[in-house]
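This is model_37.txt. It holds compact mmCIF, C-alpha atoms.
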# COMPACT_ATOMS: atom_id res chain seq x y z
CA MET A 1 11.55 -21.06 2.39
CA GLU A 2 13.04 -18.37 4.62
CA THR A 3 10.47 -16.35 6.53
CA ASP A 4 11.75 -13.10 5.04
CA THR A 5 11.67 -14.40 1.44
CA ILE A 6 8.56 -14.28 -0.75
CA THR A 7 8.17 -15.89 -4.18
CA VAL A 8 5.35 -15.29 -6.66
CA GLN A 9 4.62 -16.82 -10.05
CA GLN A 10 3.24 -15.16 -13.14
CA LEU A 11 -0.55 -15.15 -12.86
CA THR A 12 -2.73 -16.58 -15.59
CA HIS A 13 -5.75 -14.64 -14.35
CA GLY A 14 -6.57 -11.12 -13.22
CA LEU A 15 -7.25 -9.89 -9.69
CA GLN A 16 -10.91 -10.15 -8.72
CA GLY A 17 -13.00 -9.32 -5.65
CA GLN A 18 -12.66 -6.87 -2.79
CA LEU A 19 -9.96 -5.97 -0.31
CA THR A 20 -9.71 -3.69 2.71
CA VAL A 21 -6.19 -2.39 3.25
CA PRO A 22 -4.94 -1.50 6.76
CA GLY A 23 -5.27 1.97 8.28
CA ASP A 24 -3.27 4.93 7.02
CA LYS A 25 0.29 5.02 8.33
CA SER A 26 0.78 8.80 8.33
CA ILE A 27 -2.53 9.43 10.08
CA SER A 28 -1.95 6.68 12.66
CA HIS A 29 1.37 8.21 13.76
CA ARG A 30 -0.28 11.59 14.25
CA VAL A 31 -3.34 10.18 16.03
CA ALA A 32 -1.07 8.47 18.56
CA ILE A 33 0.90 11.66 19.24
CA LEU A 34 -2.01 14.10 19.40
CA GLY A 35 -4.35 11.71 21.23
CA ALA A 36 -1.66 11.04 23.83
CA LEU A 37 -1.37 14.76 24.62
CA ALA A 38 -5.12 15.42 24.77
CA HIS A 39 -7.35 15.77 27.83
CA GLY A 40 -9.58 12.73 28.36
CA SER A 41 -10.11 9.50 26.47
CA MET A 42 -10.94 8.77 22.85
CA ARG A 43 -11.88 5.71 20.83
CA VAL A 44 -9.48 4.99 17.98
CA ARG A 45 -10.67 2.68 15.22
CA ASN A 46 -8.68 1.08 12.40
CA TYR A 47 -5.29 2.20 13.73
CA LEU A 48 -2.44 0.76 11.66
CA CYS A 49 -0.94 -2.00 13.81
CA SER A 50 2.32 -2.03 11.88
CA GLU A 51 5.66 -2.07 13.65
CA ASP A 52 6.27 1.61 12.83
CA CYS A 53 2.97 2.89 14.19
CA LEU A 54 3.02 0.60 17.23
CA ASN A 55 6.46 2.00 18.09
CA THR A 56 5.00 5.52 18.06
CA LEU A 57 2.07 4.41 20.22
CA ARG A 58 4.45 2.71 22.70
CA ALA A 59 6.57 5.88 22.77
CA MET A 60 3.56 7.93 23.79
CA GLN A 61 2.76 5.35 26.48
CA GLN A 62 6.30 5.93 27.78
CA LEU A 63 5.27 9.59 28.15
CA GLY A 64 2.22 8.66 30.25
CA ALA A 65 -0.59 7.95 27.80
CA GLN A 66 -2.74 4.87 28.43
CA VAL A 67 -4.05 2.35 25.90
CA THR A 68 -6.99 0.05 26.59
CA LEU A 69 -7.50 -2.56 23.89
CA GLY A 70 -10.92 -3.06 22.32
CA ASP A 71 -12.39 -5.92 20.30
CA CYS A 72 -9.31 -6.13 18.03
CA PRO A 73 -5.80 -4.63 18.07
CA GLN A 74 -6.77 -1.89 15.58
CA ASN A 75 -9.47 -0.56 17.92
CA PHE A 76 -8.60 0.82 21.34
CA THR A 77 -9.21 3.61 23.80
CA LEU A 78 -6.41 6.15 24.12
CA THR A 79 -6.29 8.22 27.31
CA GLY A 80 -4.15 11.31 27.02
CA THR A 81 -1.87 13.08 29.46
CA GLY A 82 -3.79 16.36 29.43
CA MET A 83 -0.73 18.18 28.06
CA GLN A 84 1.29 16.96 31.05
CA PRO A 85 3.44 14.12 29.67
CA THR A 86 6.03 12.58 31.94
CA ALA A 87 9.69 11.86 31.27
CA PRO A 88 10.34 8.44 29.70
CA GLN A 89 12.11 5.95 31.95
CA ALA A 90 14.01 4.42 29.04
CA ASP A 91 15.22 5.35 25.58
CA ILE A 92 12.49 5.52 22.93
CA ASP A 93 12.71 2.95 20.14
CA CYS A 94 11.37 4.34 16.85
CA GLY A 95 12.18 1.17 14.94
CA ASN A 96 12.22 1.89 11.21
CA SER A 97 10.08 5.03 11.29
CA GLY A 98 11.44 8.37 10.16
CA THR A 99 7.95 9.84 10.54
CA GLY A 100 7.70 8.74 14.16
CA MET A 101 11.15 10.05 15.07
CA ARG A 102 10.85 13.40 13.30
CA LEU A 103 7.36 14.18 14.59
CA MET A 104 8.13 13.15 18.16
CA ALA A 105 11.27 15.28 18.09
CA GLY A 106 9.04 18.32 17.67
CA VAL A 107 7.06 17.35 20.76
CA LEU A 108 9.98 16.23 22.92
CA ALA A 109 11.98 19.38 22.16
CA ALA A 110 9.32 21.48 23.91
CA LEU A 111 8.89 19.29 27.02
CA PRO A 112 10.78 19.93 30.28
CA PHE A 113 12.84 16.75 30.45
CA ARG A 114 15.60 14.82 28.74
CA SER A 115 14.87 12.04 26.24
CA ARG A 116 16.70 9.90 23.73
CA MET A 117 15.36 8.31 20.54
CA TYR A 118 16.96 5.58 18.48
CA GLY A 119 16.01 3.14 15.73
CA ASP A 120 17.23 0.37 13.47
CA SER A 121 20.22 0.68 11.15
CA SER A 122 18.09 2.04 8.31
CA LEU A 123 16.55 4.78 10.45
CA CYS A 124 19.95 5.67 11.89
CA SER A 125 21.21 6.40 8.36
CA ARG A 126 18.47 8.87 7.45
CA PRO A 127 18.99 12.66 7.69
CA MET A 128 17.73 14.37 10.85
CA ASN A 129 19.33 17.81 10.40
CA ARG A 130 16.24 18.80 8.43
CA ILE A 131 14.29 18.87 11.72
CA ILE A 132 17.20 19.70 14.02
CA THR A 133 17.80 22.99 12.16
CA PRO A 134 14.34 24.58 12.55
CA LEU A 135 13.82 23.19 16.03
CA GLY A 136 17.25 24.51 16.98
CA GLN A 137 16.19 27.95 15.72
CA MET A 138 13.28 27.68 18.18
CA GLY A 139 15.79 27.06 20.99
CA ALA A 140 15.69 23.26 21.05
CA ARG A 141 18.76 21.37 22.21
CA ILE A 142 19.01 18.27 20.05
CA ARG A 143 22.17 16.26 19.42
CA ALA A 144 22.48 13.78 16.58
CA CYS A 145 24.73 11.06 18.01
CA GLY A 146 24.81 8.57 15.16
CA ALA A 147 27.87 7.12 13.49
CA LYS A 148 26.77 9.00 10.39
CA ALA A 149 26.75 12.81 10.74
CA GLY A 150 23.32 14.31 11.36
CA CYS A 151 21.71 10.96 12.08
CA ALA A 152 20.05 9.20 15.02
CA PRO A 153 20.19 8.41 17.87
CA LEU A 154 18.85 11.80 18.93
CA GLU A 155 19.43 13.16 22.43
CA ILE A 156 17.02 15.93 23.39
CA ASP A 157 17.24 18.28 26.37
CA GLY A 158 13.70 19.57 26.22
CA GLY A 159 12.53 22.93 27.46
CA LYS A 160 10.78 26.19 26.67
CA LEU A 161 10.95 27.17 22.99
CA SER A 162 10.36 30.36 21.04
CA THR A 163 8.11 30.73 18.01
CA ILE A 164 9.53 30.68 14.50
CA ASP A 165 8.61 31.86 11.03
CA TYR A 166 10.19 29.05 9.02
CA THR A 167 10.48 28.49 5.27
CA LEU A 168 11.01 24.85 4.41
CA PRO A 169 14.04 24.26 2.14
CA MET A 170 12.26 21.19 0.74
CA ALA A 171 8.64 20.04 0.47
CA SER A 172 8.43 17.79 3.53
CA ALA A 173 5.32 17.02 5.54
CA GLN A 174 7.50 15.53 8.28
CA VAL A 175 9.55 18.70 8.78
CA LYS A 176 6.45 20.86 8.55
CA SER A 177 4.70 18.71 11.16
CA ALA A 178 7.68 18.63 13.54
CA VAL A 179 7.74 22.44 13.59
CA LEU A 180 3.95 22.73 13.97
CA LEU A 181 3.90 20.21 16.83
CA ALA A 182 6.66 22.15 18.59
CA GLY A 183 4.70 25.35 17.95
CA MET A 184 1.60 23.80 19.48
CA LEU A 185 3.53 23.63 22.77
CA THR A 186 5.11 27.09 22.45
CA GLU A 187 3.64 30.46 23.44
CA GLY A 188 2.79 32.58 20.42
CA THR A 189 2.30 31.94 16.71
CA THR A 190 4.55 29.54 14.83
CA ARG A 191 4.44 29.78 11.03
CA VAL A 192 5.64 27.39 8.35
CA HIS A 193 5.95 28.23 4.65
CA GLN A 194 6.31 25.33 2.21
CA PRO A 195 7.54 25.45 -1.41
CA ALA A 196 4.87 22.98 -2.55
CA ILE A 197 1.74 21.47 -1.06
CA THR A 198 2.56 18.46 1.11
CA ARG A 199 0.28 15.97 2.84
CA ASP A 200 -1.87 17.87 5.29
CA HIS A 201 -2.83 15.23 7.87
CA THR A 202 -1.40 17.31 10.72
CA GLU A 203 -3.51 20.33 9.81
CA ARG A 204 -6.64 18.19 9.42
CA LEU A 205 -6.05 16.56 12.80
CA PHE A 206 -5.48 19.95 14.39
CA ALA A 207 -8.96 20.85 13.14
CA HIS A 208 -10.34 17.52 14.40
CA PHE A 209 -9.06 18.26 17.91
CA GLY A 210 -9.95 21.97 17.82
CA ILE A 211 -6.31 23.12 17.87
CA PRO A 212 -6.03 26.72 16.56
CA CYS A 213 -4.44 26.41 13.12
CA SER A 214 -4.78 28.61 10.04
CA VAL A 215 -3.98 27.61 6.47
CA SER A 216 -3.62 30.11 3.61
CA GLU A 217 -5.84 29.85 0.56
CA ASP A 218 -2.97 28.44 -1.52
CA ARG A 219 -2.23 25.97 1.35
CA LEU A 220 1.45 26.91 1.35
CA ASN A 221 1.43 28.84 4.64
CA ILE A 222 0.36 27.27 7.93
CA ALA A 223 0.29 28.82 11.39
CA VAL A 224 -0.47 27.37 14.83
CA GLN A 225 -1.19 29.33 17.98
CA GLY A 226 0.23 27.90 21.20
CA PRO A 227 0.32 26.74 23.85
CA VAL A 228 -2.82 24.70 23.32
CA THR A 229 -5.14 22.65 25.45
CA TYR A 230 -7.65 20.38 23.80
CA LYS A 231 -9.97 17.46 24.41
CA ALA A 232 -9.74 13.94 23.06
CA ASN A 233 -12.01 13.23 20.09
CA ASP A 234 -12.95 9.80 18.71
CA ILE A 235 -11.52 8.97 15.28
CA THR A 236 -11.57 6.27 12.62
CA VAL A 237 -8.41 6.00 10.50
CA PRO A 238 -9.15 5.46 6.78
CA GLY A 239 -7.33 2.83 4.74
CA ASP A 240 -3.84 3.72 3.53
CA ILE A 241 -3.75 4.81 -0.12
CA SER A 242 -0.03 3.99 -0.24
CA SER A 243 -0.89 0.37 0.58
CA ALA A 244 -3.82 0.39 -1.85
CA ALA A 245 -1.45 1.64 -4.58
CA PHE A 246 0.21 -1.78 -4.91
CA TRP A 247 -3.10 -3.44 -5.77
CA MET A 248 -4.18 -0.54 -8.00
CA VAL A 249 -1.06 -1.04 -10.09
CA ALA A 250 -1.41 -4.83 -10.11
CA ALA A 251 -5.02 -4.61 -11.32
CA SER A 252 -3.97 -2.11 -14.01
CA ILE A 253 -1.25 -4.35 -15.47
CA LEU A 254 -2.86 -7.79 -15.05
CA PRO A 255 -5.35 -8.59 -17.84
CA GLY A 256 -8.85 -9.49 -16.71
CA SER A 257 -8.74 -7.68 -13.37
CA LYS A 258 -11.57 -5.98 -11.54
CA LEU A 259 -10.67 -5.20 -7.94
CA THR A 260 -12.42 -3.02 -5.36
CA LEU A 261 -10.46 -1.52 -2.47
CA ASN A 262 -12.74 -0.46 0.37
CA ASN A 263 -12.59 2.62 2.61
CA VAL A 264 -9.34 4.02 1.22
CA GLY A 265 -8.23 7.51 2.23
CA LEU A 266 -8.77 10.03 -0.57
CA ASN A 267 -6.97 13.03 0.91
CA PRO A 268 -6.21 15.34 -2.06
CA THR A 269 -2.61 15.75 -0.82
CA ARG A 270 -2.13 11.98 -1.11
CA ASN A 271 -4.06 10.87 -4.20
CA ALA A 272 -1.57 11.84 -6.93
CA ILE A 273 -1.07 8.11 -7.59
CA ILE A 274 -4.67 7.97 -8.82
CA THR A 275 -4.19 11.05 -11.02
CA VAL A 276 -1.02 9.69 -12.62
CA LEU A 277 -2.39 6.18 -13.18
CA GLN A 278 -5.52 7.62 -14.78
CA ARG A 279 -3.34 9.76 -17.04
CA MET A 280 -1.63 6.53 -18.10
CA GLY A 281 -5.04 5.12 -19.02
CA ALA A 282 -5.91 3.22 -15.84
CA ASP A 283 -9.63 2.48 -15.43
CA ILE A 284 -10.28 3.70 -11.88
CA HIS A 285 -13.73 4.39 -10.47
CA ILE A 286 -14.11 6.12 -7.10
CA ASP A 287 -17.18 5.90 -4.90
CA THR A 288 -16.74 8.55 -2.19
CA VAL A 289 -18.10 7.44 1.18
CA SER A 290 -17.15 10.53 3.21
CA SER A 291 -15.83 13.90 2.04
CA THR A 292 -15.35 15.52 5.48
CA GLY A 293 -12.34 15.41 7.79
CA GLU A 294 -10.12 12.80 6.15
CA PRO A 295 -12.11 11.87 3.00
CA TYR A 296 -12.30 8.21 2.05
CA GLY A 297 -14.12 5.94 -0.36
CA ASN A 298 -14.11 2.74 -2.39
CA ILE A 299 -11.78 2.44 -5.38
CA THR A 300 -12.53 -0.01 -8.20
CA VAL A 301 -9.76 -0.74 -10.70
CA THR A 302 -10.44 -2.57 -13.98
CA THR A 303 -7.70 -3.52 -16.43
CA PRO A 304 -7.60 -0.77 -19.07
CA GLN A 305 -7.68 -1.40 -22.81
CA ARG A 306 -4.51 0.65 -23.24
CA PHE A 307 -1.86 1.65 -20.70
CA VAL A 308 0.75 4.23 -21.72
CA GLY A 309 3.73 6.04 -20.25
CA THR A 310 3.60 9.58 -18.89
CA GLU A 311 5.68 12.35 -17.39
CA VAL A 312 5.26 12.81 -13.66
CA LEU A 313 5.00 16.54 -13.08
CA PRO A 314 7.28 18.26 -10.53
CA HIS A 315 4.37 19.43 -8.34
CA GLU A 316 3.07 15.84 -8.13
CA ILE A 317 6.26 14.43 -6.62
CA PRO A 318 5.76 15.47 -2.93
CA ASN A 319 2.36 13.75 -2.84
CA LEU A 320 3.53 10.71 -4.79
CA ILE A 321 6.88 10.12 -3.12
CA ASP A 322 5.96 6.84 -1.37
CA GLU A 323 4.29 5.40 -4.47
CA ILE A 324 7.11 6.03 -6.96
CA PRO A 325 8.63 2.50 -6.76
CA VAL A 326 5.32 0.85 -7.62
CA LEU A 327 4.56 3.54 -10.21
CA ALA A 328 7.90 2.66 -11.83
CA VAL A 329 6.72 -0.96 -11.97
CA ALA A 330 3.52 0.18 -13.68
CA ALA A 331 5.60 2.20 -16.15
CA ALA A 332 7.64 -0.86 -17.10
CA PHE A 333 4.44 -2.53 -18.38
CA ALA A 334 3.11 0.60 -20.12
CA GLU A 335 3.63 1.54 -23.77
CA GLY A 336 6.28 4.21 -24.28
CA SER A 337 8.41 6.06 -21.78
CA THR A 338 7.68 7.38 -18.30
CA THR A 339 9.77 10.19 -16.82
CA ILE A 340 10.13 10.60 -13.05
CA ARG A 341 12.44 13.49 -12.07
CA HIS A 342 12.72 16.03 -9.19
CA ALA A 343 12.58 13.07 -6.77
CA ALA A 344 16.04 13.16 -5.15
CA GLU A 345 14.28 12.70 -1.78
CA LEU A 346 13.95 9.02 -2.72
CA ARG A 347 17.66 8.56 -2.07
CA VAL A 348 17.24 9.05 1.69
CA LYS A 349 14.29 6.73 2.34
CA GLU A 350 14.46 3.22 3.86
CA SER A 351 16.77 2.47 0.94
CA ASP A 352 18.06 4.60 -1.91
CA ARG A 353 14.82 4.06 -3.78
CA ILE A 354 16.12 5.43 -7.05
CA THR A 355 18.98 2.95 -7.24
CA THR A 356 17.08 0.00 -5.77
CA THR A 357 14.12 0.53 -8.10
CA VAL A 358 16.35 0.89 -11.16
CA GLN A 359 18.48 -2.15 -10.28
CA ASN A 360 15.46 -4.40 -9.75
CA LEU A 361 13.72 -3.23 -12.91
CA ARG A 362 16.87 -3.98 -14.89
CA ALA A 363 17.14 -7.41 -13.24
CA MET A 364 13.69 -8.17 -14.69
CA GLY A 365 14.72 -7.03 -18.16
CA ALA A 366 13.34 -3.48 -18.20
CA GLU A 367 15.14 -0.62 -19.95
CA VAL A 368 15.71 2.17 -17.42
CA GLU A 369 17.87 5.30 -17.28
CA GLU A 370 18.97 6.46 -13.83
CA PHE A 371 19.47 10.12 -12.90
CA GLU A 372 20.48 11.79 -9.67
CA ASP A 373 16.90 12.92 -9.10
CA GLY A 374 14.94 10.11 -10.70
CA MET A 375 14.64 7.81 -13.70
CA VAL A 376 13.16 7.28 -17.13
CA ILE A 377 11.51 3.92 -17.75
CA HIS A 378 11.12 2.75 -21.35
CA GLY A 379 8.15 0.45 -21.03
CA GLY A 380 6.42 -2.21 -23.06
CA LYS A 381 9.22 -4.79 -23.10
CA PRO A 382 8.22 -8.21 -21.66
CA LEU A 383 9.72 -8.73 -18.21
CA HIS A 384 10.97 -11.95 -16.66
CA GLY A 385 11.13 -13.10 -13.07
CA ALA A 386 14.31 -12.75 -11.06
CA VAL A 387 15.73 -13.16 -7.57
CA MET A 388 15.99 -9.64 -6.15
CA ASP A 389 16.93 -7.95 -2.91
CA SER A 390 14.36 -5.67 -1.30
CA TYR A 391 17.19 -4.07 0.71
CA GLY A 392 15.02 -4.28 3.81
CA ASP A 393 12.68 -1.72 2.23
CA HIS A 394 8.99 -2.55 2.54
CA ARG A 395 7.90 -0.54 -0.50
CA ILE A 396 10.59 -2.02 -2.74
CA ALA A 397 9.56 -5.54 -1.66
CA MET A 398 5.85 -5.04 -2.32
CA SER A 399 6.41 -3.14 -5.58
CA PHE A 400 8.44 -5.92 -7.17
CA LEU A 401 6.11 -8.63 -5.96
CA MET A 402 3.45 -6.80 -8.00
CA ALA A 403 5.83 -6.88 -10.99
CA GLY A 404 6.30 -10.59 -10.42
CA LEU A 405 2.58 -11.22 -10.85
CA ARG A 406 2.89 -10.14 -14.51
CA ALA A 407 6.50 -11.11 -15.34
CA GLU A 408 7.26 -14.46 -16.94
CA GLY A 409 8.32 -17.22 -14.54
CA ALA A 410 9.04 -16.89 -10.84
CA THR A 411 9.99 -13.75 -8.93
CA THR A 412 11.65 -13.94 -5.51
CA LEU A 413 12.15 -11.00 -3.15
CA LEU A 414 14.70 -11.34 -0.35
CA HIS A 415 14.65 -9.59 3.02
CA CYS A 416 10.91 -8.86 3.15
CA THR A 417 10.46 -8.77 6.92
CA ASN A 418 10.13 -4.97 6.87
CA ILE A 419 6.83 -5.24 4.99
CA ASN A 420 5.34 -5.37 8.48
CA THR A 421 6.50 -1.82 9.14
CA SER A 422 3.66 -0.55 6.94
CA TYR A 423 1.40 -3.40 5.82
CA PRO A 424 0.71 -6.16 8.34
CA GLY A 425 -1.33 -8.86 6.64
CA PHE A 426 0.17 -8.18 3.20
CA LYS A 427 1.14 -11.81 2.59
CA GLU A 428 -2.38 -12.95 3.50
CA HIS A 429 -3.93 -10.41 1.11
CA LEU A 430 -1.50 -11.48 -1.62
CA GLN A 431 -2.42 -15.12 -1.16
CA GLN A 432 -6.14 -14.25 -1.12
CA LEU A 433 -5.93 -12.46 -4.47
CA ILE A 434 -3.69 -14.89 -6.34
CA SER A 435 -5.34 -18.14 -5.27
Written form, structure tokens:
Amino acid sequence: METDTITVQQLTHGLQGQLTVPGDKSISHRVAILGALAHGSMRVRNYLCSEDCLNTLRAMQQLGAQVTLGDCPQNFTLTGTGMQPTAPQADIDCGNSGTGMRLMAGVLAALPFRSRMYGDSSLCSRPMNRIITPLGQMGARIRACGAKAGCAPLEIDGGKLSTIDYTLPMASAQVKSAVLLAGMLTEGTTRVHQPAITRDHTERLFAHFGIPCSVSEDRLNIAVQGPVTYKANDITVPGDISSAAFWMVAASILPGSKLTLNNVGLNPTRNAIITVLQRMGADIHIDTVSSTGEPYGNITVTTPQRFVGTEVLPHEIPNLIDEIPVLAVAAAFAEGSTTIRHAAELRVKESDRITTTVQNLRAMGAEVEEFEDGMVIHGGKPLHGAVMDSYGDHRIAMSFLMAGLRAEGATTLLHCTNINTSYPGFKEHLQQLIS
């Protein structure tokens, strides 16, 4: 069997026991960036040691931060640059991470040196004008040098920026965060207005580090006062709810399941997957462990008596965007139809996740309608295994392996190496639960 190919068989039993998913990807990226700029040292626990997040951590080491490993790779001491990062001696490799590249662009644009960021072929096909435009309005000099217009590699001539009062054209936590990080390094008040609530890890980490940041009551308007100076502050990264979502769906569709996922992040701007699955009838019990900072808790999923389709609401999409492929898998096993629209952003992820999700569902025998901004899945029809391409997309690979646990026969996913960009240890967890 090829190392990047994974095959699963239809299970004759449910998923039982407990599992602890790796640390949150979005939070880990931000911890690396903000910790690397802080004064002093901090202990970081449960950092996501995926390829994406390690690339961001290495990038910050190129800017002068120091990492001292602890008892395991996920735990280390991060010593910051005291807001005095140094110019990188080589180009910065962002790998497959749009989050890493877009967030670091906000920082690098405000620093007094030249830098260049690049990534793999997938990253170099994703749109970067969405951050180049607002940063350019702040005075940043960023050139997109990719073969595809508006795409990486990015060349940045950093320097002094001006504040901005920016209205996001789309609901994007990455664009919001890039502007706020640039504003953190810029004299004056930088404001961002978003059309819908997006994940707020940057704002929560600003509060964690004592960075002056104000958020309006409706959470649509955020302002940061710069330039800042702040001290390092120890942090534990909660488990990634996007990784937990695969097992939540599997336990919901596999008869006889009762699975507990420990210490999962329960940030209200990220838990729409729980809301939607519960609306479909999923039996999900949450035991909150901590409700401060980044809330987290234990999630127990038991196979429901009835599982039905639903309509995903427009305001849920920004906080469900990463989980839509696996939600589509859940919908294929639910009674009735599930509508997912207003999700055109899926077309510019690691793959075109609308087309790749629809194609793979159809390959397994599902009835699906594709639209420019989403899909409608007509569920309840028995699915069969198939040989499918993951298109180098970690979430497509893991989503359809979950489908394969319920579908008749064998299911094979090709090109699964990129699972490591977000979920190292996935294959071991899969084997643990199916054996």
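A search radius of 7 Å centred on (9.0, -14.1, -1.4), applied to all atoms listed in the file, returns the residues A:Thr5, A:Ile6, A:Thr7, A:Val8, A:Thr412, A:Leu413, A:Leu414.
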Please provide as a tab-separated table (two decimals) with C-alpha atoms, in the frame of the given file all residues within 12 Å of Arg362 of chain A, with the sequence filter that same-chain residues fewer than 3 positions apart are discarded (counting all atoms listed in the file).
chain	number	residue	atom	x	y	z
A	328	ALA	CA	7.90	2.66	-11.83
A	329	VAL	CA	6.72	-0.96	-11.97
A	332	ALA	CA	7.64	-0.86	-17.10
A	355	THR	CA	18.98	2.95	-7.24
A	356	THR	CA	17.08	0.00	-5.77
A	357	THR	CA	14.12	0.53	-8.10
A	358	VAL	CA	16.35	0.89	-11.16
A	359	GLN	CA	18.48	-2.15	-10.28
A	365	GLY	CA	14.72	-7.03	-18.16
A	366	ALA	CA	13.34	-3.48	-18.20
A	367	GLU	CA	15.14	-0.62	-19.95
A	368	VAL	CA	15.71	2.17	-17.42
A	369	GLU	CA	17.87	5.30	-17.28
A	370	GLU	CA	18.97	6.46	-13.83
A	377	ILE	CA	11.51	3.92	-17.75
A	378	HIS	CA	11.12	2.75	-21.35
A	379	GLY	CA	8.15	0.45	-21.03
A	381	LYS	CA	9.22	-4.79	-23.10
A	382	PRO	CA	8.22	-8.21	-21.66
A	383	LEU	CA	9.72	-8.73	-18.21
A	384	HIS	CA	10.97	-11.95	-16.66
A	385	GLY	CA	11.13	-13.10	-13.07
A	386	ALA	CA	14.31	-12.75	-11.06
A	387	VAL	CA	15.73	-13.16	-7.57
A	388	MET	CA	15.99	-9.64	-6.15
A	400	PHE	CA	8.44	-5.92	-7.17
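Interatomic distance, atom CA of Pro153 of chain A against atom CA of Ala178 of chain A: 16.7 Å.
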With a cut-off of 12 Å, could you pull out the residues of segment 279-360 of chain A touching segment 158-174 of chain A and give me the nearest pair of atoms for each, distance in Å to one decimal, using all atoms listed in the file, ordered by chain and ascending number, as a Markdown table?
| residue | atom | partner | partner_atom | distance |
| --- | --- | --- | --- | --- |
| A:Pro314 | CA | A:Ala171 | CA | 11.2 |
| A:His315 | CA | A:Ala171 | CA | 9.8 |
| A:Glu316 | CA | A:Ala171 | CA | 11.1 |
| A:Ile317 | CA | A:Ala171 | CA | 9.3 |
| A:Pro318 | CA | A:Ala171 | CA | 6.4 |
| A:Asn319 | CA | A:Ala173 | CA | 9.5 |
| A:Leu320 | CA | A:Ala171 | CA | 11.9 |
| A:Ile321 | CA | A:Ser172 | CA | 10.3 |
| A:His342 | CA | A:Met170 | CA | 11.2 |
| A:Ala343 | CA | A:Ala171 | CA | 10.8 |
| A:Ala344 | CA | A:Met170 | CA | 10.7 |
| A:Glu345 | CA | A:Met170 | CA | 9.1 |
I need the residues from that last selection saved to file as an mmCIF file, keeping the file's coordinate frame (with C-alpha atoms), if you can.
data_model
loop_
_atom_site.group_PDB
_atom_site.id
_atom_site.type_symbol
_atom_site.label_atom_id
_atom_site.label_comp_id
_atom_site.auth_asym_id
_atom_site.auth_seq_id
_atom_site.Cartn_x
_atom_site.Cartn_y
_atom_site.Cartn_z
ATOM 1 C CA PRO A 314 7.280 18.260 -10.530
ATOM 2 C CA HIS A 315 4.370 19.430 -8.340
ATOM 3 C CA GLU A 316 3.070 15.840 -8.130
ATOM 4 C CA ILE A 317 6.260 14.430 -6.620
ATOM 5 C CA PRO A 318 5.760 15.470 -2.930
ATOM 6 C CA ASN A 319 2.360 13.750 -2.840
ATOM 7 C CA LEU A 320 3.530 10.710 -4.790
ATOM 8 C CA ILE A 321 6.880 10.120 -3.120
ATOM 9 C CA HIS A 342 12.720 16.030 -9.190
ATOM 10 C CA ALA A 343 12.580 13.070 -6.770
ATOM 11 C CA ALA A 344 16.040 13.160 -5.150
ATOM 12 C CA GLU A 345 14.280 12.700 -1.780
#
Go ahead and compute the interatomic distance for atom CA of Arg130 of chain A and atom CA of Arg143 of chain A, in Å to one decimal.
-> 12.7 Å
All residues 9 Å or closer to segment 210-214 of chain A, only C-alpha atoms, same chain fewer than 2 positions away omitted, as JSON, numbers by chain = {"A": [184, 203, 205, 206, 207, 208, 216, 221, 222, 223, 224, 225, 226, 228, 229, 230, 231]}
Pull the closest atom pair for each residue of segment 367-399 of chain A that gets at most 12 Å from segment 115-121 of chain A, along with the distance in Å to one decimal, counting only C-alpha atoms, ordering rows by chain and then ascending residue number, as CSV.
residue,atom,partner,partner_atom,distance
A:Tyr391,CA,A:Ser121,CA,11.9
A:Gly392,CA,A:Ser121,CA,10.3
A:Asp393,CA,A:Ser121,CA,11.9
Quick one: write out the picked residues with C-alpha atoms as a short mmCIF file (atom, residue, chain, number, x, y, z; two decimals), in the coordinates of the input?
data_model
loop_
_atom_site.label_atom_id
_atom_site.label_comp_id
_atom_site.auth_asym_id
_atom_site.auth_seq_id
_atom_site.Cartn_x
_atom_site.Cartn_y
_atom_site.Cartn_z
CA TYR A 391 17.19 -4.07 0.71
CA GLY A 392 15.02 -4.28 3.81
CA ASP A 393 12.68 -1.72 2.23
#
From the set A:Asn267, A:Thr81, A:Thr303, A:Ser122, which residue has the shortest atom-to-atom contact distance to Thr288 of chain A, counting only C-alpha atoms?
->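 For Thr288 of chain A, the nearest of the candidates is A:Asn267.
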Do a neighbour search on segment 53-66 of chain A at 7 Å with all atoms listed in the file, toss out local chain neighbours closer than 2 positions, and write the hits as a JSON list (two decimals) with C-alpha atoms, in the coordinates of the input.
[["chain", "number", "residue", "atom", "x", "y", "z"],
["A", 25, "LYS", "CA", 0.29, 5.02, 8.33],
["A", 28, "SER", "CA", -1.95, 6.68, 12.66],
["A", 29, "HIS", "CA", 1.37, 8.21, 13.76],
["A", 32, "ALA", "CA", -1.07, 8.47, 18.56],
["A", 33, "ILE", "CA", 0.90, 11.66, 19.24],
["A", 36, "ALA", "CA", -1.66, 11.04, 23.83],
["A", 48, "LEU", "CA", -2.44, 0.76, 11.66],
["A", 49, "CYS", "CA", -0.94, -2.00, 13.81],
["A", 50, "SER", "CA", 2.32, -2.03, 11.88],
["A", 51, "GLU", "CA", 5.66, -2.07, 13.65],
["A", 68, "THR", "CA", -6.99, 0.05, 26.59],
["A", 78, "LEU", "CA", -6.41, 6.15, 24.12],
["A", 79, "THR", "CA", -6.29, 8.22, 27.31],
["A", 80, "GLY", "CA", -4.15, 11.31, 27.02],
["A", 81, "THR", "CA", -1.87, 13.08, 29.46],
["A", 85, "PRO", "CA", 3.44, 14.12, 29.67],
["A", 86, "THR", "CA", 6.03, 12.58, 31.94],
["A", 87, "ALA", "CA", 9.69, 11.86, 31.27],
["A", 88, "PRO", "CA", 10.34, 8.44, 29.70],
["A", 92, "ILE", "CA", 12.49, 5.52, 22.93],
["A", 93, "ASP", "CA", 12.71, 2.95, 20.14],
["A", 94, "CYS", "CA", 11.37, 4.34, 16.85],
["A", 95, "GLY", "CA", 12.18, 1.17, 14.94],
["A", 100, "GLY", "CA", 7.70, 8.74, 14.16]]
